[in-house]
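Structure first, commentary second.
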Amino acid sequence: MCGIVGYVGPQDAPPLLIEGLARLEYRGYDSAGLAVLTDRDKLRVVKQAGRVRELVEHLPPGFGGHTGIGHTRWATHGPATDVNAHPHTDATGRVAVVHNGILDNAYELRARLAADGVELVSDTDTEVIAHLVGRSQAATLQEKVAEALGQVHGTWGLAVLHADHPGEIVAARNGSPLILGVGNGEMYVASDLAAIVRHTTTVVLLDDGELASVTERGFSTTGGKAAAEIDVDPAAYETGEHESFMLKEILEQPETAARVLQGRLDDRFGTTHLGGLEMTPHESRAFRRVKVLGCGSAYYVGEMGAGLIEELARIPAHAEPASEFRYRNPIVERDTLYVAVSQSGETLDTLLAVEEIKRKGGRVIGLVNVVGSAIARACDGGIYLHAGPEVAVASTKAVTNMFLGFALLALHLGRVRDLSVADGKRLVKGLEELPEKIAEVLETQDRLAEVADELAKAESLFFIGRVRGYPVAREGAQKFKEISYRHAEAYPASELKHGPLALISPTMPTVVIVPDDDLASRNVGALEEIAARGGPLVVITQPGVDLGGVQVTRIDVPASEVELAPILLTIPLQLLAYQAALALGHDIDKPRNLAKSVTVE
Ligand code: F6R
């Protein structure tokens with residue numbers, strides 16, 4: 001949420017900053033801005049509400065300099081206006097700050113500054129940092145920033161410029177990601193590798209509480225960090241031949257799914273090798289409950305995962321939105337295994353839930369995609385998801401790998417308990433076959449596009465399923481509403497007749513998830529009830545399922561081991577959402593009001 005980029009070196013900063021911001025826009029896209037120090041050590045700022053491309057159109061002539069910072073915003077304090085856009089400056093106009101995060105004592109500090117005669121021009125929390133830095137009497141810029149940060153509470157990834165300290169950027173991190181990029185005679189600061197990967201892959205990952213001073217000659221951090229080379233393919237941050245990141249990421253799934261399984265399946269004993277769990281078999285056996293925590297799609301996959309764990313390991317397992325968990329003073333038990341699920345590894349609600357569990361002495365493992373992210377670091381061990389960078393706001397390939405991560409975990413927990421070798425081997429084989437089956441689902445793209453065109457015409461839709469199918473329906477509805485802006489509501493198929501059936505009509509389609517399991521015939525009952533009331537039906541199912549004579553649009557995914565069906569049934573829902581949004585002409589990678597990586601509570 002909010003993207004930050006900074007540059008210091010021999011090149012003209014604005015084009016590099018603009019390029020970086022365009023690549024960071026998925027983190028927030030309601031306003032953008034730049035600040036540069038000119039060659040005469042003057043600070044110039046340009047910022048406005050709207051997209052980065054609109055900022056480019058409004059860059060004043062001669063806007064240049066060799067030291068600069070930029071920001072793309074997702075509004076928290078105050079609406080998306082020109083004034084609230086970052087960078088924020090102090091009263092003298094000599095300090096500029098870009099910030100990602102939230103200051104908890106902003107109101108108090110604003111009141112204090114106002115009482116001292118400071119005129120605050122924006123509604124933001126960030127502006128106070130600019131004033132505090134500007135008022136500091138400390139000698140170096142790093143000391144000034146440290147002094148300012150000593151007065152604020154909250155989270156930040158930030159970069160600061162000061163006209164009295166030309167050729168320098170001070171960066172700081174606390175709860176919001178920030179990295180330094182080391183170039184050849186030049187340096188970068190960024191909230192995310194995406195912004196700088198085309199220029200350097202030598203980076204420094206700052207820790208919470210750490211500050212860094214960056215000049216073209218190099219950097220120093222308060223933690224004494226050294227730079228390290230990271231192994232990343234810059235192409236992962238490009239759409240390539242695809243028209244959007246979302247489509248690219250959907251189509252990558254056969255490959256990315258294979259990656260999370262690689263080296264982790266054991267055919268011989270029908271189990272998995274998960275060294276990252278850092279758990280002995282004895283410890284794995286001792287858990288009496290599993291609690292899964294995640295937000296949004298990660299929570300819905302968490303529900304699928306809890307189902308898998310309960311089924312394979314026969315341990316009571318339950319998923320809960322991480323955003324709710326922390327606020328109800330949860331009981332944390334020693335014999336419960338807590339599992340935090342997150343693509344970004346930054347989602348603040350999930351991170352705070354992990355911290356709450358740890359504070360109460362619980363054991364948490366992470367199913368996380370971004371290596372070294374805050375949640376991954378906060379957990380006691382875990383399973384990296386290896387989906388590669390996910391740029392589209394709507395999560396797809398990471399969701400699939402989360403499910404597979406759960407399948408690996410469930411198999412492990414099952415095999416140290418009562419799951420037989422035969423069942424273990426059956427599931428290992430089933431998992432090995434999944435990437436190919438996902439590829440088969442992707443081949444139905446054209447047909448799904450036709451169905452999506454029809455669904456896109458409806459203002460409101462139901463997504464329903466039972467037991468295994470219900471979290472799939474929830475994830476399907478989430479994806480659909482997120483990018484098509486249609487009202488899509490998920491319901492357990494069994495609950496329809498207890499109320500929502502009243503809404504069924506010829507203008508309200510229902511997407512029904514029917515895995516080939518022992519509930520298939522019961523699902524047919526729900527189909528009949530909907531059909532009898534004239535409701536259009538789209539059924540996502542598997543070849544063995546007999547839908548009787550009900551009139552439906554049927555989409556089959558390949559047959560699979562029954563426990564693994566949820567993920568195959570999820571893939572067409574990603575494509576339906578994508579195609580519907582396309583038909584409606586929406587900005588697929590940047591849906592309105594949203595941003596990737598929700599680093600606010
Ligand atoms: C939906 C979506 C969000 C995220 C949620 C958690 O497509 O992307 O619902 O799943 O914000 O994000 P992570 O997984 O980064 O913790």
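Labels for the structure tokens follow display order: chains A, B, ..., residues from 1 in each chain, ligands from 1.
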
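Residues lying within 7 Å of Thr350 (chain A), counting only C-alpha atoms and ignoring same-chain neighbours fewer than 3 positions away, are Leu293, Gly294, Cys295, Ala322, Ser323, Ala340, Thr347, Ala353 and Val354 of chain A.
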
Those residues with N, CA and C atoms, as a PDB file, in the first residue's frame please?
ATOM      1  N   LEU A 293      -5.022 -18.250   9.858  1.00  0.00           N
ATOM      2  CA  LEU A 293      -5.333 -16.823   9.843  1.00  0.00           C
ATOM      3  C   LEU A 293      -4.840 -16.175   8.558  1.00  0.00           C
ATOM      4  N   GLY A 294      -5.694 -15.429   7.917  1.00  0.00           N
ATOM      5  CA  GLY A 294      -5.315 -14.704   6.700  1.00  0.00           C
ATOM      6  C   GLY A 294      -6.418 -13.706   6.413  1.00  0.00           C
ATOM      7  N   CYS A 295      -6.220 -12.884   5.399  1.00  0.00           N
ATOM      8  CA  CYS A 295      -7.239 -11.886   5.047  1.00  0.00           C
ATOM      9  C   CYS A 295      -7.667 -12.060   3.598  1.00  0.00           C
ATOM     10  N   ALA A 322      -7.772 -12.856   9.871  1.00  0.00           N
ATOM     11  CA  ALA A 322      -6.748 -12.338  10.787  1.00  0.00           C
ATOM     12  C   ALA A 322      -7.147 -10.956  11.281  1.00  0.00           C
ATOM     13  N   SER A 323      -7.926 -10.240  10.446  1.00  0.00           N
ATOM     14  CA  SER A 323      -8.313  -8.874  10.791  1.00  0.00           C
ATOM     15  C   SER A 323      -9.270  -8.829  11.980  1.00  0.00           C
ATOM     16  N   ALA A 340      -0.313 -18.712   9.552  1.00  0.00           N
ATOM     17  CA  ALA A 340      -0.598 -17.407   8.932  1.00  0.00           C
ATOM     18  C   ALA A 340      -0.384 -17.541   7.431  1.00  0.00           C
ATOM     19  N   THR A 347       0.684  -7.918   4.943  1.00  0.00           N
ATOM     20  CA  THR A 347      -0.663  -7.529   5.374  1.00  0.00           C
ATOM     21  C   THR A 347      -0.659  -7.273   6.882  1.00  0.00           C
ATOM     22  N   ALA A 353      -1.773 -10.240  13.949  1.00  0.00           N
ATOM     23  CA  ALA A 353      -2.314 -11.481  14.532  1.00  0.00           C
ATOM     24  C   ALA A 353      -1.155 -12.402  14.917  1.00  0.00           C
ATOM     25  N   VAL A 354      -0.155 -12.486  14.038  1.00  0.00           N
ATOM     26  CA  VAL A 354       1.018 -13.330  14.332  1.00  0.00           C
ATOM     27  C   VAL A 354       1.702 -12.821  15.599  1.00  0.00           C
TER      28      VAL A 354
END

Can you pull out every residue within 9 Å of Ile196 (chain A), counting only C-alpha atoms, but drop anything in the same chain fewer than 4 positions away, and send it as a short mmCIF file (atom, residue, chain, number, x, y, z; two decimals) with all heavy atoms, in the first residue's frame?
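Saved as part-v4.cif:
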data_model
loop_
_atom_site.label_atom_id
_atom_site.label_comp_id
_atom_site.auth_asym_id
_atom_site.auth_seq_id
_atom_site.Cartn_x
_atom_site.Cartn_y
_atom_site.Cartn_z
N VAL A 5 9.84 5.34 -4.15
CA VAL A 5 11.08 5.12 -4.88
C VAL A 5 11.97 6.35 -4.68
O VAL A 5 11.47 7.47 -4.55
CB VAL A 5 10.80 4.81 -6.38
CG1 VAL A 5 10.11 5.93 -7.09
CG2 VAL A 5 12.06 4.40 -7.12
N LEU A 16 13.68 8.22 -13.91
CA LEU A 16 13.85 6.95 -13.19
C LEU A 16 12.77 6.81 -12.11
O LEU A 16 12.24 5.71 -11.89
CB LEU A 16 15.23 6.92 -12.52
CG LEU A 16 16.41 6.81 -13.49
CD1 LEU A 16 17.71 7.16 -12.79
CD2 LEU A 16 16.48 5.39 -14.05
N GLU A 19 9.47 5.96 -13.81
CA GLU A 19 9.45 4.55 -14.23
C GLU A 19 9.22 3.65 -13.01
O GLU A 19 8.41 2.71 -13.04
CB GLU A 19 10.80 4.21 -14.88
CG GLU A 19 10.87 2.80 -15.40
CD GLU A 19 12.29 2.26 -15.41
OE1 GLU A 19 13.24 2.99 -15.76
OE2 GLU A 19 12.44 1.07 -15.05
N GLY A 20 9.90 3.96 -11.92
CA GLY A 20 9.74 3.17 -10.70
C GLY A 20 8.31 3.26 -10.18
O GLY A 20 7.70 2.26 -9.81
N ARG A 23 5.82 1.18 -11.98
CA ARG A 23 5.91 -0.23 -11.62
C ARG A 23 5.39 -0.51 -10.22
O ARG A 23 5.14 -1.66 -9.86
CB ARG A 23 7.37 -0.70 -11.71
CG ARG A 23 7.81 -0.83 -13.13
CD ARG A 23 9.28 -1.05 -13.26
NE ARG A 23 9.63 -0.87 -14.64
CZ ARG A 23 9.41 -1.76 -15.59
NH1 ARG A 23 8.88 -2.92 -15.28
NH2 ARG A 23 9.72 -1.51 -16.84
N GLY A 181 18.75 -0.14 -3.15
CA GLY A 181 19.31 -0.81 -4.33
C GLY A 181 20.66 -0.19 -4.62
O GLY A 181 20.80 1.03 -4.66
N TYR A 188 19.53 3.48 -5.08
CA TYR A 188 18.07 3.56 -5.12
C TYR A 188 17.50 3.27 -3.73
O TYR A 188 18.12 2.56 -2.94
CB TYR A 188 17.50 2.52 -6.08
CG TYR A 188 17.90 2.73 -7.52
CD1 TYR A 188 19.12 2.25 -8.00
CD2 TYR A 188 17.07 3.42 -8.40
CE1 TYR A 188 19.49 2.45 -9.31
CE2 TYR A 188 17.44 3.62 -9.71
CZ TYR A 188 18.65 3.13 -10.17
OH TYR A 188 19.01 3.33 -11.46
N VAL A 189 16.30 3.77 -3.52
CA VAL A 189 15.51 3.40 -2.34
C VAL A 189 14.16 2.97 -2.89
O VAL A 189 13.66 3.58 -3.83
CB VAL A 189 15.31 4.63 -1.42
CG1 VAL A 189 14.37 4.30 -0.26
CG2 VAL A 189 16.65 5.14 -0.89
N ALA A 190 13.57 1.92 -2.37
CA ALA A 190 12.27 1.50 -2.90
C ALA A 190 11.49 0.73 -1.86
O ALA A 190 12.06 0.07 -0.98
CB ALA A 190 12.45 0.64 -4.14
N ASP A 192 9.70 -1.64 -2.82
CA ASP A 192 9.47 -2.94 -3.44
C ASP A 192 10.47 -3.11 -4.58
O ASP A 192 10.73 -2.16 -5.33
CB ASP A 192 8.03 -2.88 -3.98
CG ASP A 192 7.53 -4.17 -4.55
OD1 ASP A 192 8.29 -4.88 -5.21
OD2 ASP A 192 6.34 -4.44 -4.33
N THR A 200 19.01 -2.70 -10.81
CA THR A 200 19.93 -3.42 -9.93
C THR A 200 19.22 -4.56 -9.20
O THR A 200 18.02 -4.47 -8.90
CB THR A 200 20.58 -2.48 -8.88
OG1 THR A 200 21.45 -3.26 -8.06
CG2 THR A 200 19.55 -1.80 -7.99
N THR A 201 19.98 -5.60 -8.94
CA THR A 201 19.46 -6.70 -8.11
C THR A 201 20.36 -6.88 -6.87
O THR A 201 20.30 -7.88 -6.20
CB THR A 201 19.37 -8.02 -8.90
OG1 THR A 201 20.62 -8.25 -9.54
CG2 THR A 201 18.26 -7.99 -9.93
#

For this session: Based on DSSP run over this structure's backbone, return all residues of region 118-290 of chain A in strand (DSSP E or B), as a PyMOL selection string.
Result: chain A and resi 154+156-162+169-175+179-182+187-190+202-205+210-215+218-221+228-229+265-266+271-272+289-290

For this session: Write out as a PyMOL selection string the residues lying within 10 Å of Asp266 (chain A), counting only C-alpha atoms and excluding same-chain residues fewer than 6 positions away.
Result: chain A and resi 272-273+424-425+428-429

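Minimum distance to Ala502 (chain A) across A:Asp546, A:Glu529, A:Glu249, A:Glu475 (counting only C-alpha atoms) occurs at A:Glu529.
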
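Among A:Ser373, A:Gln551, A:Gln253, A:Ser494, the residue with the shortest atom-to-atom distance to ligand 1, counting only C-alpha atoms and all ligand atoms, is A:Ser373.
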
Shell of 8 Å around ligand 1 (only C-alpha atoms and all ligand atoms), written as a tab-separated table (two decimals) with C-alpha atoms, in the first residue's frame:
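Written out: out.tsv:
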chain	number	residue	atom	x	y	z
A	294	GLY	CA	-5.32	-14.70	6.70
A	295	CYS	CA	-7.24	-11.89	5.05
A	296	GLY	CA	-9.38	-11.72	1.93
A	297	SER	CA	-8.49	-14.41	-0.54
A	298	ALA	CA	-5.81	-15.73	1.80
A	299	TYR	CA	-8.57	-16.31	4.37
A	341	VAL	CA	-1.26	-17.20	5.18
A	342	SER	CA	-0.18	-14.27	3.05
A	343	GLN	CA	1.02	-13.57	-0.45
A	344	SER	CA	2.75	-10.29	0.32
A	345	GLY	CA	3.89	-11.19	3.81
A	346	GLU	CA	3.07	-7.56	4.64
A	347	THR	CA	-0.66	-7.53	5.37
A	350	THR	CA	-2.12	-10.79	9.53
A	368	VAL	CA	4.01	-16.84	2.64
A	393	VAL	CA	-4.13	-6.65	-7.23
A	394	ALA	CA	-6.43	-9.67	-7.60
A	395	SER	CA	-4.50	-12.64	-6.30
A	396	THR	CA	-4.50	-15.78	-8.46
A	398	ALA	CA	-0.49	-17.08	-5.04
A	399	VAL	CA	-3.96	-18.34	-4.07
A	478	GLN	CA	-14.46	-12.24	-4.04
A	479	LYS	CA	-12.55	-12.32	-7.30
A	482	GLU	CA	-13.18	-7.19	-6.84
A	596	LYS	CA	-1.97	-4.71	-3.31
A	597	SER	CA	-0.45	-5.36	0.13
A	598	VAL	CA	-2.77	-3.90	2.72

Problem set entry | A:Phe462, A:Phe406, A:Phe480, A:Tyr470 ranked by distance to Val514 (chain A), top pick (using only C-alpha atoms) | A:Tyr470

Give me the residues near region 58-73 of chain A as a tab-separated table (two decimals) with N, CA, C and O atoms, in the first residue's frame, where near means some atom within 8 Å (using only C-alpha atoms) and where sequence neighbours in that chain fewer than 3 positions away do not count.
chain	number	residue	atom	x	y	z
A	1	MET	N	0.83	-1.18	0.00
A	1	MET	CA	0.00	0.00	0.00
A	1	MET	C	0.87	1.24	0.00
A	1	MET	O	1.64	1.41	0.92
A	2	CYS	N	0.79	2.05	-0.99
A	2	CYS	CA	1.69	3.17	-1.25
A	2	CYS	C	3.03	2.64	-1.72
A	2	CYS	O	3.57	1.70	-1.15
A	3	GLY	N	3.52	3.26	-2.78
A	3	GLY	CA	4.82	2.87	-3.32
A	3	GLY	C	5.80	4.01	-3.12
A	3	GLY	O	5.44	5.19	-3.21
A	4	ILE	N	7.05	3.64	-2.85
A	4	ILE	CA	8.10	4.64	-2.64
A	4	ILE	C	9.26	4.31	-3.54
A	4	ILE	O	9.65	3.14	-3.65
A	5	VAL	N	9.84	5.34	-4.15
A	5	VAL	CA	11.08	5.12	-4.88
A	5	VAL	C	11.97	6.35	-4.68
A	5	VAL	O	11.47	7.47	-4.55
A	6	GLY	N	13.27	6.13	-4.64
A	6	GLY	CA	14.21	7.23	-4.50
A	6	GLY	C	15.43	6.96	-5.35
A	6	GLY	O	15.78	5.79	-5.59
A	7	TYR	N	16.08	8.02	-5.81
A	7	TYR	CA	17.29	7.84	-6.62
A	7	TYR	C	18.30	8.92	-6.26
A	7	TYR	O	17.93	10.10	-6.09
A	8	VAL	N	19.56	8.53	-6.19
A	8	VAL	CA	20.65	9.51	-6.09
A	8	VAL	C	21.81	8.99	-6.93
A	8	VAL	O	22.21	7.84	-6.81
A	9	GLY	N	22.29	9.86	-7.82
A	9	GLY	CA	23.37	9.42	-8.71
A	9	GLY	C	23.54	10.39	-9.85
A	9	GLY	O	22.97	11.49	-9.84
A	10	PRO	N	24.30	10.01	-10.87
A	10	PRO	CA	24.61	10.95	-11.94
A	10	PRO	C	23.47	11.18	-12.93
A	10	PRO	O	23.46	12.17	-13.66
A	11	GLN	N	22.48	10.30	-12.96
A	11	GLN	CA	21.41	10.45	-13.95
A	11	GLN	C	20.36	11.46	-13.47
A	11	GLN	O	20.29	11.77	-12.28
A	12	ASP	N	19.54	11.91	-14.44
A	12	ASP	CA	18.44	12.80	-14.07
A	12	ASP	C	17.39	11.95	-13.35
A	12	ASP	O	16.92	10.93	-13.89
A	13	ALA	N	17.05	12.34	-12.13
A	13	ALA	CA	16.20	11.47	-11.30
A	13	ALA	C	14.76	11.29	-11.82
A	13	ALA	O	14.24	10.17	-11.81
A	14	PRO	N	14.06	12.37	-12.27
A	14	PRO	CA	12.62	12.19	-12.54
A	14	PRO	C	12.26	11.03	-13.47
A	14	PRO	O	11.33	10.27	-13.14
A	17	LEU	N	12.46	7.92	-11.48
A	17	LEU	CA	11.43	7.87	-10.43
A	17	LEU	C	10.07	7.55	-11.04
A	17	LEU	O	9.30	6.75	-10.49
A	18	ILE	N	9.78	8.17	-12.18
A	18	ILE	CA	8.49	7.93	-12.84
A	18	ILE	C	8.39	6.46	-13.26
A	18	ILE	O	7.36	5.81	-13.05
A	21	LEU	N	7.75	4.47	-10.19
A	21	LEU	CA	6.38	4.64	-9.68
A	21	LEU	C	5.38	3.88	-10.52
A	21	LEU	O	4.43	3.28	-9.99
A	24	LEU	N	5.27	0.53	-9.44
A	24	LEU	CA	4.78	0.36	-8.07
A	24	LEU	C	3.31	0.69	-7.95
A	24	LEU	O	2.74	0.62	-6.86
A	25	GLU	N	2.69	1.08	-9.06
A	25	GLU	CA	1.33	1.62	-8.95
A	25	GLU	C	0.36	0.62	-8.36
A	25	GLU	O	-0.66	0.99	-7.79
A	27	ARG	N	0.54	-0.84	-5.80
A	27	ARG	CA	0.50	-0.65	-4.34
A	27	ARG	C	-0.39	0.51	-3.93
A	27	ARG	O	-0.56	0.79	-2.74
A	28	GLY	N	-0.90	1.24	-4.90
A	28	GLY	CA	-1.73	2.40	-4.58
A	28	GLY	C	-1.71	3.28	-5.80
A	28	GLY	O	-0.66	3.43	-6.42
A	29	TYR	N	-2.87	3.81	-6.15
A	29	TYR	CA	-2.88	4.55	-7.42
A	29	TYR	C	-3.89	5.68	-7.41
A	29	TYR	O	-4.50	5.96	-8.41
A	30	ASP	N	-4.05	6.31	-6.23
A	30	ASP	CA	-5.00	7.42	-6.26
A	30	ASP	C	-4.32	8.77	-6.36
A	30	ASP	O	-4.95	9.77	-6.65
A	31	SER	N	-3.03	8.85	-6.10
A	31	SER	CA	-2.29	10.09	-6.34
A	31	SER	C	-0.81	9.77	-6.40
A	31	SER	O	-0.38	8.69	-5.97
A	32	ALA	N	-0.04	10.70	-6.93
A	32	ALA	CA	1.39	10.44	-7.11
A	32	ALA	C	2.15	11.75	-7.04
A	32	ALA	O	1.58	12.83	-7.27
A	33	GLY	N	3.43	11.65	-6.72
A	33	GLY	CA	4.21	12.89	-6.65
A	33	GLY	C	5.70	12.61	-6.62
A	33	GLY	O	6.15	11.50	-6.35
A	34	LEU	N	6.46	13.68	-6.92
A	34	LEU	CA	7.93	13.61	-6.92
A	34	LEU	C	8.49	14.82	-6.20
A	34	LEU	O	7.90	15.90	-6.23
A	35	ALA	N	9.68	14.63	-5.60
A	35	ALA	CA	10.45	15.77	-5.09
A	35	ALA	C	11.88	15.57	-5.58
A	35	ALA	O	12.39	14.43	-5.54
A	36	VAL	N	12.50	16.65	-6.03
A	36	VAL	CA	13.91	16.55	-6.43
A	36	VAL	C	14.69	17.69	-5.79
A	36	VAL	O	14.13	18.76	-5.49
A	37	LEU	N	15.98	17.43	-5.61
A	37	LEU	CA	16.88	18.51	-5.22
A	37	LEU	C	17.56	18.96	-6.50
A	37	LEU	O	18.20	18.16	-7.18
A	38	THR	N	17.41	20.22	-6.84
A	38	THR	CA	17.99	20.69	-8.10
A	38	THR	C	19.50	20.88	-7.92
A	38	THR	O	20.02	20.81	-6.79
A	39	ASP	N	20.17	21.16	-9.01
A	39	ASP	CA	21.62	21.34	-8.92
A	39	ASP	C	21.99	22.59	-8.10
A	39	ASP	O	23.11	22.75	-7.67
A	44	ARG	N	12.27	20.93	-5.24
A	44	ARG	CA	11.09	21.15	-6.09
A	44	ARG	C	10.16	19.96	-5.94
A	44	ARG	O	10.62	18.81	-5.95
A	46	VAL	N	6.38	18.15	-7.22
A	46	VAL	CA	5.20	18.13	-8.06
A	46	VAL	C	4.37	16.93	-7.64
A	46	VAL	O	4.90	15.83	-7.46
A	52	VAL	N	-0.05	7.90	-12.18
A	52	VAL	CA	1.32	8.35	-12.49
A	52	VAL	C	1.37	8.97	-13.89
A	52	VAL	O	2.03	9.98	-14.12
A	54	GLU	N	-0.78	10.67	-15.36
A	54	GLU	CA	-1.28	12.05	-15.33
A	54	GLU	C	-0.23	12.99	-14.72
A	54	GLU	O	-0.10	14.13	-15.15
A	55	LEU	N	0.52	12.46	-13.76
A	55	LEU	CA	1.60	13.26	-13.17
A	55	LEU	C	2.62	13.62	-14.25
A	55	LEU	O	3.10	14.75	-14.33
A	85	ALA	N	-1.53	14.40	-1.57
A	85	ALA	CA	-0.54	13.54	-2.24
A	85	ALA	C	0.84	13.77	-1.62
A	85	ALA	O	1.13	14.86	-1.11
A	86	HIS	N	1.67	12.75	-1.67
A	86	HIS	CA	3.05	12.89	-1.19
A	86	HIS	C	3.90	13.32	-2.39
A	86	HIS	O	3.51	13.06	-3.51
A	87	PRO	N	5.09	13.88	-2.21
A	87	PRO	CA	5.79	14.19	-0.97
A	87	PRO	C	5.15	15.34	-0.19
A	87	PRO	O	4.53	16.23	-0.76
A	98	VAL	N	8.35	11.17	1.78
A	98	VAL	CA	7.35	10.23	1.27
A	98	VAL	C	7.25	9.09	2.29
A	98	VAL	O	8.25	8.69	2.87
A	99	HIS	N	6.05	8.60	2.47
A	99	HIS	CA	5.82	7.68	3.61
A	99	HIS	C	4.78	6.64	3.24
A	99	HIS	O	3.78	6.94	2.60
A	159	ALA	N	11.21	7.94	2.99
A	159	ALA	CA	12.42	8.50	2.40
A	159	ALA	C	12.32	10.01	2.54
A	159	ALA	O	11.26	10.60	2.35
A	160	VAL	N	13.45	10.62	2.90
A	160	VAL	CA	13.46	12.05	3.22
A	160	VAL	C	14.56	12.74	2.43
A	160	VAL	O	15.70	12.26	2.35
A	161	LEU	N	14.21	13.92	1.87
A	161	LEU	CA	15.19	14.80	1.22
A	161	LEU	C	15.26	16.09	2.03
A	161	LEU	O	14.25	16.53	2.58
A	166	PRO	N	22.34	18.20	0.44
A	166	PRO	CA	22.20	17.80	-0.96
A	166	PRO	C	22.88	16.45	-1.23
A	166	PRO	O	23.83	16.07	-0.54
A	167	GLY	N	22.36	15.75	-2.21
A	167	GLY	CA	22.99	14.48	-2.61
A	167	GLY	C	22.77	13.37	-1.61
A	167	GLY	O	23.48	12.37	-1.63
A	168	GLU	N	21.77	13.51	-0.75
A	168	GLU	CA	21.54	12.47	0.26
A	168	GLU	C	20.03	12.17	0.40
A	168	GLU	O	19.21	13.09	0.32
A	169	ILE	N	19.74	10.90	0.58
A	169	ILE	CA	18.37	10.50	0.95
A	169	ILE	C	18.50	9.74	2.26
A	169	ILE	O	19.39	8.88	2.39

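The smallest atom-to-atom distance between Leu211 (chain A) and any of A:Leu385, A:Ala195, A:Leu178, A:Val128, using only C-alpha atoms, is found for A:Leu178.
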
Problem set entry | Close residues, Val538 (chain A) itself excluded, 7 Å, only C-alpha atoms, min 3 positions apart in chain, as a PyMOL selection string | chain A and resi 510-512+552-554

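When only C-alpha atoms are used to measure the gap to Leu582 (chain A), the shortest distance among A:Ala148, A:Met187, A:Ala449, A:Ile250 belongs to A:Ala449.
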
Problem set entry | DSSP helix (DSSP H, G or I) selection over region 519-592 of chain A, as a ChimeraX atom specification | /A:520-532,562-583

Exercise. Which residue out of A:Val97, A:Ala111, A:Gly499, A:Arg51 has the minimum interatomic distance to Ala80 (chain A) when only C-alpha atoms are used?
Worked result: A:Arg51

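Taking CA of Val292 (chain A) and CA of Thr280 (chain A) as the two end points, the separation is 20.2 Å.
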